[in-house]
file query.cif (mmCIF, N, CA and C atoms)
data_work
#
loop_
_atom_site.label_atom_id
_atom_site.label_comp_id
_atom_site.auth_asym_id
_atom_site.auth_seq_id
_atom_site.Cartn_x
_atom_site.Cartn_y
_atom_site.Cartn_z
N MET A 1 67.09 -50.27 52.98
CA MET A 1 67.97 -51.02 52.11
C MET A 1 67.99 -50.30 50.76
N SER A 2 69.15 -49.94 50.33
CA SER A 2 69.31 -49.20 49.08
C SER A 2 69.33 -50.17 47.89
N PRO A 3 69.19 -49.64 46.68
CA PRO A 3 69.27 -50.51 45.50
C PRO A 3 70.60 -51.25 45.42
N ARG A 4 71.65 -50.62 45.92
CA ARG A 4 72.96 -51.28 45.92
C ARG A 4 72.96 -52.50 46.85
N GLU A 5 72.33 -52.35 48.02
CA GLU A 5 72.24 -53.46 48.96
C GLU A 5 71.36 -54.58 48.43
N VAL A 6 70.28 -54.23 47.74
CA VAL A 6 69.42 -55.24 47.12
C VAL A 6 70.21 -56.01 46.07
N ALA A 7 70.99 -55.29 45.25
CA ALA A 7 71.82 -55.95 44.24
C ALA A 7 72.86 -56.86 44.90
N GLY A 8 73.41 -56.42 46.03
CA GLY A 8 74.37 -57.24 46.75
C GLY A 8 73.74 -58.51 47.31
N ALA A 9 72.53 -58.37 47.83
CA ALA A 9 71.81 -59.56 48.34
C ALA A 9 71.51 -60.51 47.20
N ASP A 10 71.11 -59.98 46.06
CA ASP A 10 70.83 -60.82 44.90
C ASP A 10 72.07 -61.57 44.44
N SER A 11 73.20 -60.86 44.36
CA SER A 11 74.42 -61.52 43.89
C SER A 11 74.92 -62.55 44.89
N SER A 12 74.77 -62.26 46.18
CA SER A 12 75.17 -63.25 47.20
C SER A 12 74.29 -64.49 47.13
N ASN A 13 72.99 -64.28 46.98
CA ASN A 13 72.08 -65.42 46.85
C ASN A 13 72.42 -66.24 45.62
N LEU A 14 72.69 -65.57 44.52
CA LEU A 14 73.00 -66.28 43.28
C LEU A 14 74.29 -67.09 43.42
N LYS A 15 75.29 -66.50 44.03
CA LYS A 15 76.59 -67.16 44.17
C LYS A 15 76.55 -68.32 45.16
N ARG A 16 75.88 -68.12 46.30
CA ARG A 16 75.95 -69.09 47.38
C ARG A 16 74.77 -70.05 47.47
N LEU A 17 73.65 -69.67 46.89
CA LEU A 17 72.43 -70.43 47.16
C LEU A 17 71.72 -70.92 45.90
N LEU A 18 71.64 -70.11 44.89
CA LEU A 18 70.82 -70.43 43.73
C LEU A 18 71.62 -71.13 42.64
N HIS A 19 72.09 -72.31 42.97
CA HIS A 19 72.82 -73.13 42.01
C HIS A 19 72.46 -74.59 42.27
N PRO A 20 72.67 -75.46 41.30
CA PRO A 20 72.25 -76.86 41.45
C PRO A 20 72.90 -77.60 42.61
N GLY A 21 74.06 -77.15 43.07
CA GLY A 21 74.75 -77.84 44.16
C GLY A 21 74.13 -77.62 45.53
N ALA A 22 73.34 -76.57 45.68
CA ALA A 22 72.70 -76.29 46.97
C ALA A 22 71.50 -77.21 47.16
N GLU A 23 71.38 -77.74 48.35
CA GLU A 23 70.24 -78.62 48.63
C GLU A 23 68.96 -77.79 48.72
N THR A 24 67.87 -78.37 48.24
CA THR A 24 66.59 -77.66 48.21
C THR A 24 66.15 -77.26 49.60
N LYS A 25 66.37 -78.14 50.59
CA LYS A 25 65.95 -77.80 51.95
C LYS A 25 66.71 -76.59 52.48
N ASP A 26 67.97 -76.41 52.06
CA ASP A 26 68.74 -75.23 52.47
C ASP A 26 68.22 -73.97 51.78
N VAL A 27 67.84 -74.09 50.52
CA VAL A 27 67.28 -72.95 49.79
C VAL A 27 65.96 -72.53 50.43
N ILE A 28 65.12 -73.50 50.78
CA ILE A 28 63.84 -73.21 51.43
C ILE A 28 64.07 -72.56 52.79
N SER A 29 65.00 -73.07 53.54
CA SER A 29 65.31 -72.49 54.85
C SER A 29 65.78 -71.05 54.72
N GLN A 30 66.63 -70.78 53.75
CA GLN A 30 67.11 -69.41 53.53
C GLN A 30 65.97 -68.51 53.05
N TYR A 31 65.09 -69.04 52.23
CA TYR A 31 63.93 -68.29 51.75
C TYR A 31 63.03 -67.89 52.91
N ILE A 32 62.78 -68.83 53.82
CA ILE A 32 61.96 -68.55 55.00
C ILE A 32 62.63 -67.49 55.87
N SER A 33 63.93 -67.62 56.07
CA SER A 33 64.66 -66.64 56.88
C SER A 33 64.64 -65.26 56.23
N THR A 34 64.75 -65.21 54.91
CA THR A 34 64.69 -63.94 54.18
C THR A 34 63.33 -63.29 54.38
N ILE A 35 62.27 -64.06 54.27
CA ILE A 35 60.93 -63.53 54.46
C ILE A 35 60.76 -62.99 55.87
N ARG A 36 61.18 -63.75 56.86
CA ARG A 36 61.06 -63.30 58.25
C ARG A 36 61.81 -62.00 58.49
N CYS A 37 63.02 -61.93 58.00
CA CYS A 37 63.85 -60.75 58.19
C CYS A 37 63.25 -59.53 57.50
N LEU A 38 62.86 -59.69 56.25
CA LEU A 38 62.37 -58.54 55.50
C LEU A 38 60.97 -58.11 55.93
N ARG A 39 60.20 -58.99 56.55
CA ARG A 39 58.92 -58.58 57.12
C ARG A 39 59.13 -57.58 58.25
N ILE A 40 60.21 -57.75 58.98
CA ILE A 40 60.53 -56.86 60.08
C ILE A 40 61.14 -55.56 59.56
N LEU A 41 62.09 -55.67 58.63
CA LEU A 41 62.78 -54.49 58.11
C LEU A 41 61.90 -53.62 57.21
N ASP A 42 61.00 -54.26 56.48
CA ASP A 42 60.20 -53.53 55.49
C ASP A 42 58.77 -54.07 55.45
N PRO A 43 57.92 -53.64 56.40
CA PRO A 43 56.55 -54.17 56.46
C PRO A 43 55.75 -54.03 55.17
N PRO A 44 55.90 -52.97 54.35
CA PRO A 44 55.12 -52.92 53.11
C PRO A 44 55.46 -54.02 52.11
N GLY A 45 56.64 -54.61 52.21
CA GLY A 45 56.99 -55.75 51.36
C GLY A 45 57.69 -55.42 50.06
N VAL A 46 58.12 -54.19 49.86
CA VAL A 46 58.79 -53.84 48.62
C VAL A 46 60.12 -54.57 48.51
N LEU A 47 60.92 -54.55 49.57
CA LEU A 47 62.21 -55.24 49.54
C LEU A 47 62.02 -56.75 49.43
N LEU A 48 61.03 -57.27 50.11
CA LEU A 48 60.75 -58.70 50.04
C LEU A 48 60.47 -59.10 48.60
N HIS A 49 59.69 -58.30 47.92
CA HIS A 49 59.38 -58.61 46.52
C HIS A 49 60.65 -58.63 45.67
N LYS A 50 61.53 -57.67 45.88
CA LYS A 50 62.73 -57.56 45.07
C LYS A 50 63.77 -58.64 45.40
N VAL A 51 63.96 -58.91 46.67
CA VAL A 51 65.02 -59.84 47.08
C VAL A 51 64.57 -61.31 46.96
N ALA A 52 63.32 -61.58 47.27
CA ALA A 52 62.86 -62.97 47.30
C ALA A 52 62.46 -63.52 45.93
N GLU A 53 62.19 -62.66 44.98
CA GLU A 53 61.74 -63.12 43.66
C GLU A 53 62.71 -64.10 42.99
N PRO A 54 64.03 -63.83 42.96
CA PRO A 54 64.94 -64.82 42.36
C PRO A 54 64.94 -66.16 43.10
N ILE A 55 64.82 -66.13 44.41
CA ILE A 55 64.76 -67.38 45.19
C ILE A 55 63.49 -68.13 44.84
N ARG A 56 62.38 -67.41 44.75
CA ARG A 56 61.08 -68.00 44.41
C ARG A 56 61.14 -68.67 43.03
N ARG A 57 61.70 -67.96 42.04
CA ARG A 57 61.83 -68.53 40.69
C ARG A 57 62.69 -69.78 40.70
N HIS A 58 63.78 -69.73 41.47
CA HIS A 58 64.68 -70.88 41.55
C HIS A 58 63.97 -72.09 42.16
N LEU A 59 63.21 -71.86 43.23
CA LEU A 59 62.49 -72.96 43.86
C LEU A 59 61.41 -73.54 42.95
N LYS A 60 60.76 -72.70 42.17
CA LYS A 60 59.75 -73.19 41.23
C LYS A 60 60.36 -74.10 40.18
N ALA A 61 61.62 -73.85 39.83
CA ALA A 61 62.29 -74.63 38.79
C ALA A 61 62.85 -75.96 39.30
N ARG A 62 62.97 -76.12 40.60
CA ARG A 62 63.55 -77.36 41.14
C ARG A 62 62.48 -78.44 41.24
N PRO A 63 62.78 -79.65 40.83
CA PRO A 63 61.76 -80.70 40.81
C PRO A 63 61.37 -81.22 42.20
N ASP A 64 62.21 -81.06 43.20
CA ASP A 64 61.91 -81.62 44.52
C ASP A 64 61.42 -80.59 45.53
N THR A 65 61.04 -79.40 45.08
CA THR A 65 60.61 -78.34 45.99
C THR A 65 59.37 -78.74 46.78
N VAL A 66 58.37 -79.27 46.10
CA VAL A 66 57.12 -79.64 46.79
C VAL A 66 57.39 -80.71 47.84
N LYS A 67 58.19 -81.69 47.49
CA LYS A 67 58.54 -82.76 48.43
C LYS A 67 59.23 -82.19 49.67
N CYS A 68 60.14 -81.26 49.49
CA CYS A 68 60.86 -80.68 50.61
C CYS A 68 59.97 -79.78 51.46
N VAL A 69 59.06 -79.04 50.83
CA VAL A 69 58.14 -78.18 51.58
C VAL A 69 57.22 -79.04 52.43
N VAL A 70 56.70 -80.12 51.86
CA VAL A 70 55.82 -81.02 52.62
C VAL A 70 56.58 -81.65 53.77
N ALA A 71 57.81 -82.08 53.53
CA ALA A 71 58.62 -82.66 54.60
C ALA A 71 58.86 -81.65 55.71
N THR A 72 59.10 -80.39 55.34
CA THR A 72 59.32 -79.33 56.33
C THR A 72 58.05 -79.10 57.15
N LEU A 73 56.90 -79.11 56.48
CA LEU A 73 55.63 -78.93 57.19
C LEU A 73 55.34 -80.09 58.14
N VAL A 74 55.64 -81.30 57.70
CA VAL A 74 55.39 -82.48 58.53
C VAL A 74 56.31 -82.49 59.74
N GLU A 75 57.58 -82.16 59.53
CA GLU A 75 58.52 -82.12 60.65
C GLU A 75 58.16 -81.00 61.62
N GLY A 76 57.69 -79.89 61.09
CA GLY A 76 57.13 -78.82 61.90
C GLY A 76 58.09 -77.88 62.58
N ASP A 77 59.38 -78.11 62.55
CA ASP A 77 60.30 -77.25 63.28
C ASP A 77 60.46 -75.88 62.63
N GLU A 78 60.74 -75.83 61.36
CA GLU A 78 61.05 -74.58 60.67
C GLU A 78 59.87 -73.62 60.62
N LEU A 79 58.68 -74.12 60.42
CA LEU A 79 57.52 -73.26 60.25
C LEU A 79 56.65 -73.17 61.50
N GLN A 80 57.15 -73.59 62.63
CA GLN A 80 56.36 -73.58 63.86
C GLN A 80 55.87 -72.19 64.22
N ASP A 81 56.71 -71.16 64.04
CA ASP A 81 56.32 -69.79 64.37
C ASP A 81 55.10 -69.34 63.59
N GLU A 82 55.04 -69.69 62.30
CA GLU A 82 53.92 -69.28 61.47
C GLU A 82 52.64 -70.01 61.82
N ASN A 83 52.75 -71.17 62.41
CA ASN A 83 51.56 -71.94 62.76
C ASN A 83 50.96 -71.53 64.09
N GLU A 84 51.71 -70.80 64.91
CA GLU A 84 51.21 -70.37 66.20
C GLU A 84 50.34 -69.13 66.04
N ALA A 85 49.46 -68.90 66.98
CA ALA A 85 48.50 -67.79 66.89
C ALA A 85 49.18 -66.43 66.89
N GLY A 86 50.21 -66.24 67.67
CA GLY A 86 50.86 -64.93 67.78
C GLY A 86 52.03 -64.78 66.84
N GLY A 87 51.82 -64.90 65.53
CA GLY A 87 52.88 -64.81 64.54
C GLY A 87 53.46 -63.41 64.45
N LEU A 88 54.38 -63.22 63.51
CA LEU A 88 55.04 -61.93 63.34
C LEU A 88 54.10 -60.83 62.87
N ILE A 89 53.21 -61.16 61.96
CA ILE A 89 52.33 -60.16 61.36
C ILE A 89 50.94 -60.33 61.93
N GLN A 90 50.42 -59.27 62.50
CA GLN A 90 49.06 -59.27 63.01
C GLN A 90 48.14 -58.77 61.90
N THR A 91 47.04 -59.46 61.67
CA THR A 91 46.14 -59.05 60.61
C THR A 91 44.84 -58.50 61.17
N ASN A 92 44.23 -57.59 60.42
CA ASN A 92 42.92 -57.07 60.76
C ASN A 92 41.85 -58.05 60.35
N ASN A 93 40.69 -57.95 60.95
CA ASN A 93 39.57 -58.78 60.50
C ASN A 93 39.02 -58.28 59.19
N ASP A 94 39.09 -56.97 58.93
CA ASP A 94 38.57 -56.38 57.71
C ASP A 94 39.73 -55.96 56.82
N ASP A 95 40.17 -56.87 55.94
CA ASP A 95 41.30 -56.60 55.07
C ASP A 95 40.90 -55.94 53.76
N THR A 96 39.63 -55.77 53.51
CA THR A 96 39.22 -55.27 52.21
C THR A 96 39.32 -53.76 52.09
N VAL A 97 39.30 -53.03 53.19
CA VAL A 97 39.30 -51.57 53.14
C VAL A 97 40.43 -51.03 54.00
N GLU A 98 41.23 -50.13 53.40
CA GLU A 98 42.27 -49.46 54.18
C GLU A 98 41.63 -48.33 54.97
N ASP A 99 42.11 -48.11 56.17
CA ASP A 99 41.58 -47.05 57.02
C ASP A 99 42.38 -45.77 56.78
N PHE A 100 41.87 -44.90 55.91
CA PHE A 100 42.57 -43.67 55.57
C PHE A 100 42.49 -42.63 56.68
N LEU A 101 41.64 -42.84 57.66
CA LEU A 101 41.54 -41.91 58.79
C LEU A 101 42.55 -42.26 59.89
N ASP A 102 43.18 -43.39 59.75
CA ASP A 102 44.20 -43.82 60.70
C ASP A 102 45.39 -42.86 60.63
N PRO A 103 45.80 -42.25 61.76
CA PRO A 103 46.92 -41.30 61.72
C PRO A 103 48.25 -41.96 61.34
N LYS A 104 48.34 -43.28 61.44
CA LYS A 104 49.57 -43.98 61.08
C LYS A 104 49.54 -44.52 59.65
N TRP A 105 48.47 -44.22 58.90
CA TRP A 105 48.36 -44.71 57.54
C TRP A 105 49.46 -44.13 56.67
N GLU A 106 50.04 -44.96 55.82
CA GLU A 106 51.06 -44.51 54.89
C GLU A 106 50.68 -44.98 53.50
N PRO A 107 50.92 -44.17 52.48
CA PRO A 107 50.61 -44.59 51.11
C PRO A 107 51.56 -45.70 50.67
N GLU A 108 51.16 -46.40 49.63
CA GLU A 108 52.01 -47.45 49.09
C GLU A 108 53.32 -46.85 48.60
N PRO A 109 54.43 -47.57 48.75
CA PRO A 109 55.71 -47.07 48.23
C PRO A 109 55.64 -46.89 46.71
N VAL A 110 56.36 -45.90 46.21
CA VAL A 110 56.33 -45.59 44.79
C VAL A 110 56.86 -46.75 43.96
N ASP A 111 57.89 -47.45 44.47
CA ASP A 111 58.50 -48.53 43.69
C ASP A 111 57.89 -49.89 43.97
N ALA A 112 56.72 -49.94 44.59
CA ALA A 112 56.05 -51.21 44.84
C ALA A 112 55.50 -51.75 43.53
N ALA A 113 55.57 -53.06 43.39
CA ALA A 113 55.00 -53.70 42.20
C ALA A 113 53.48 -53.55 42.25
N PRO A 114 52.82 -53.49 41.11
CA PRO A 114 51.38 -53.27 41.09
C PRO A 114 50.59 -54.27 41.93
N ARG A 115 51.03 -55.53 41.97
CA ARG A 115 50.27 -56.53 42.72
C ARG A 115 50.61 -56.51 44.21
N MET A 116 51.60 -55.71 44.61
CA MET A 116 52.03 -55.65 46.00
C MET A 116 51.37 -54.48 46.71
N SER A 117 50.20 -54.67 47.23
CA SER A 117 49.58 -53.63 48.04
C SER A 117 49.49 -54.12 49.46
N CYS A 118 49.36 -53.20 50.40
CA CYS A 118 49.26 -53.61 51.80
C CYS A 118 48.07 -54.52 52.04
N VAL A 119 46.98 -54.30 51.31
CA VAL A 119 45.81 -55.14 51.45
C VAL A 119 46.14 -56.56 51.03
N ASN A 120 46.84 -56.72 49.88
CA ASN A 120 47.20 -58.06 49.42
C ASN A 120 48.19 -58.73 50.36
N ILE A 121 49.12 -57.97 50.90
CA ILE A 121 50.11 -58.54 51.80
C ILE A 121 49.41 -59.05 53.07
N ARG A 122 48.48 -58.26 53.60
CA ARG A 122 47.77 -58.70 54.80
C ARG A 122 46.93 -59.95 54.53
N ARG A 123 46.34 -60.04 53.34
CA ARG A 123 45.54 -61.22 53.02
C ARG A 123 46.40 -62.47 52.90
N ASN A 124 47.61 -62.32 52.32
CA ASN A 124 48.48 -63.46 52.06
C ASN A 124 49.26 -63.91 53.27
N SER A 125 49.32 -63.09 54.31
CA SER A 125 50.14 -63.49 55.46
C SER A 125 49.30 -64.15 56.52
#
call {"tool": "encode", "arguments": {"input": "query.cif", "output": "structure tokens"}}
result
Amino acid sequence: MSPREVAGADSSNLKRLLHPGAETKDVISQYISTIRCLRILDPPGVLLHKVAEPIRRHLKARPDTVKCVVATLVEGDELQDENEAGGLIQTNNDDTVEDFLDPKWEPEPVDAAPRMSCVNIRRNS
């Protein structure tokens, strides 16, 4: 995803989703879908950080976000995949040390935010 596509996603989200007329449950649903999609497209999480940040800020500013998240968790339909054992992201038991001898190891992306490291992403997922 290029910077132009990220800007397009941001403007689409702003126009269609991040306004007072959108229901909080719809914003949360789109946020969850965005996370799921970008976890697949960009495992290091750089795009997720860039695209999801405006949605995250918007949800923090809404007064009914906590109520809607709890209702979503209680209903269980939307987040069922994350609650099952075989979720999208598989985590290691030892998240504190990166395995630099692993032939598939890749360095952190240059444009990753300082707090966005693969170790932190694995811990948070």
call {"tool": "atom_distance", "arguments": {"input": "query.cif", "atom1": "atom N of Ile32 (chain A)", "atom2": "CA of Ser11 (chain A)"}}
result
17.0 Å
call {"tool": "closest_residue", "arguments": {"input": "query.cif", "among": "A:Lys25, A:Glu108, A:Thr34, A:Val74", "to": "Val51 (chain A)", "atoms": "all atoms listed in the file"}}
result
A:Thr34
call {"tool": "residues_around", "arguments": {"input": "query.cif", "residues": "region 2-7 of chain A", "least_positions_apart": "6", "cutoff": "8 Å", "atoms": "all atoms listed in the file", "output": "compact mmCIF listing (two decimals) with N, CA and C atoms, in the coordinates of the input"}}
result
# COMPACT_ATOMS: atom_id res chain seq x y z
N ASN A 13 72.99 -64.28 46.98
CA ASN A 13 72.08 -65.42 46.85
C ASN A 13 72.42 -66.24 45.62
N LEU A 47 60.92 -54.55 49.57
CA LEU A 47 62.21 -55.24 49.54
C LEU A 47 62.02 -56.75 49.43
N LYS A 50 61.53 -57.67 45.88
CA LYS A 50 62.73 -57.56 45.07
C LYS A 50 63.77 -58.64 45.40
N VAL A 51 63.96 -58.91 46.67
CA VAL A 51 65.02 -59.84 47.08
C VAL A 51 64.57 -61.31 46.96
call {"tool": "atom_distance", "arguments": {"input": "query.cif", "atom1": "CA of Pro109 (chain A)", "atom2": "CA of Val46 (chain A)"}}
result
7.4 Å
call {"tool": "residues_around", "arguments": {"input": "query.cif", "residues": "region 14-17 of chain A", "least_positions_apart": "6", "cutoff": "8 Å", "atoms": "only N, CA and C atoms", "output": "number ranges by chain"}}
result
A: 8, 23, 26-27, 54-55
call {"tool": "write_last_selection", "arguments": {"input": "query.cif", "atoms": "N, CA and C atoms", "output": "PDB file, keeping the file's coordinate frame"}}
result
ATOM      1  N   GLY A   8      73.410 -56.420  46.030  1.00  0.00           N
ATOM      2  CA  GLY A   8      74.370 -57.240  46.750  1.00  0.00           C
ATOM      3  C   GLY A   8      73.740 -58.510  47.310  1.00  0.00           C
ATOM      4  N   GLU A  23      71.380 -77.740  48.350  1.00  0.00           N
ATOM      5  CA  GLU A  23      70.240 -78.620  48.630  1.00  0.00           C
ATOM      6  C   GLU A  23      68.960 -77.790  48.720  1.00  0.00           C
ATOM      7  N   ASP A  26      67.970 -76.410  52.060  1.00  0.00           N
ATOM      8  CA  ASP A  26      68.740 -75.230  52.470  1.00  0.00           C
ATOM      9  C   ASP A  26      68.220 -73.970  51.780  1.00  0.00           C
ATOM     10  N   VAL A  27      67.840 -74.090  50.520  1.00  0.00           N
ATOM     11  CA  VAL A  27      67.280 -72.950  49.790  1.00  0.00           C
ATOM     12  C   VAL A  27      65.960 -72.530  50.430  1.00  0.00           C
ATOM     13  N   PRO A  54      64.030 -63.830  42.960  1.00  0.00           N
ATOM     14  CA  PRO A  54      64.940 -64.820  42.360  1.00  0.00           C
ATOM     15  C   PRO A  54      64.940 -66.160  43.100  1.00  0.00           C
ATOM     16  N   ILE A  55      64.820 -66.130  44.410  1.00  0.00           N
ATOM     17  CA  ILE A  55      64.760 -67.380  45.190  1.00  0.00           C
ATOM     18  C   ILE A  55      63.490 -68.130  44.840  1.00  0.00           C
TER      19      ILE A  55
END
call {"tool": "atom_distance", "arguments": {"input": "query.cif", "atom1": "CA of Ile28 (chain A)", "atom2": "CA of Leu59 (chain A)"}}
result
7.7 Å
call {"tool": "closest_residue", "arguments": {"input": "query.cif", "among": "A:Ala22, A:Ser29, A:Gly45, A:Ala52", "to": "Asp10 (chain A)", "atoms": "all atoms listed in the file"}}
result
A:Ala52
